[in-house]
Amino acid sequence: RRMQTSNFSKTDDRDAFLIADLIRQSKCCRPIQHTVVSRHLKEQLRRLQHAEDALIVWRRQLLTILQRVMPEILEGVKEAQADSILQFFNELPTSDIPEAQWVSERIKRGRPRAKLTALYRRVTTATSSIPDPDQWHKTWQLAWNGWASARTQTLYSKKLIDSSVASHPITPLLLSVPGVNILTIAAFFAGTGDLSQFTYARQVEKAFGFDLHRWQSGKMDAPPHITKHGYAPARKMFYLAALSASRSPVFKDWYQRRLARRNDQKKLPVVIALASKLVRICFKIAVTGVPFNESLAIKAITHV
């Protein structure tokens, strides 16, 4: 429809040139051919993503409920310590349980008596001032059950992913790459599928959307950006792997040099470039079976 000279017929040869141009610019590509393992990993990663999203939502709701009742309990608490506070606060003391009994039951778990006693009194004082404590407890329990269910699903999905990836013969070789972990390998297999359908590593970059494209029209020439086509969860995993790899001795110097050459000092393009290189490294290792060589890492990923 964009071609004014086209006669919109199936025999028009201009359509073939238009399709070829779209493929050349990576605006469309053939579907990825999956294996049984890659299809299973893709499904488990989808479930893991949904469980992690639900975990964030329920956790945020629990913190909001707790903030309304006892805002001082979260003052100065780090993000990593919030889960333990939620776990501890879920054991809410009620009027049916005496203070001595509630404290003595938790001392057996190695918790100090003074902190338990102070927490019991603070919680009972805070909950007693709630206009409708029964409704508040129901709201808390609903959010807690949702959070616990999301945690269970997250752990279960990770367990299935670990068992599937651990049994693959290439996994020990891929784990030797800095920044790459089990989830990164699972995302690699889920995004590439059958590796025999790829001829060279640049094709694998397109499967994850790390390939560059440039928009140009007349005098306007925008800077290149990644296409973001392909398997988005794997692109996220390799981005996180690149952040970890940028701090490793193997890639730290390369990362700092690339960052110093940029006048704007933006880290995102350099991290994406490193993520793209990690994709090519994983592809080369998976195809050739050659272990990762730290001394040749920079040179190898440049010529893959």
# chains A, B, ... in the order shown; residues from 1 in each chain; ligands from 1
$ select_by_dssp --residues "range 237-268 of chain A" --states "helix (DSSP H, G or I)" --output "list of chain:residue names"
A:Met237, A:Phe238, A:Tyr239, A:Leu240, A:Ala241, A:Ala242, A:Leu243, A:Ser244, A:Ala245, A:Pro249, A:Val250, A:Phe251, A:Lys252, A:Asp253, A:Trp254, A:Tyr255, A:Gln256, A:Arg257, A:Arg258, A:Leu259, A:Ala260, A:Lys267, A:Leu268
$ closest_residue --among "A:Lys138, A:Leu259, A:Lys266, A:Phe188" --to "Ser246 in chain A" --atoms "only C-alpha atoms"
A:Leu259
$ atom_distance --atom1 "CA of Asp21 in chain A" --atom2 "CA of Ala275 in chain A"
27.0 Å
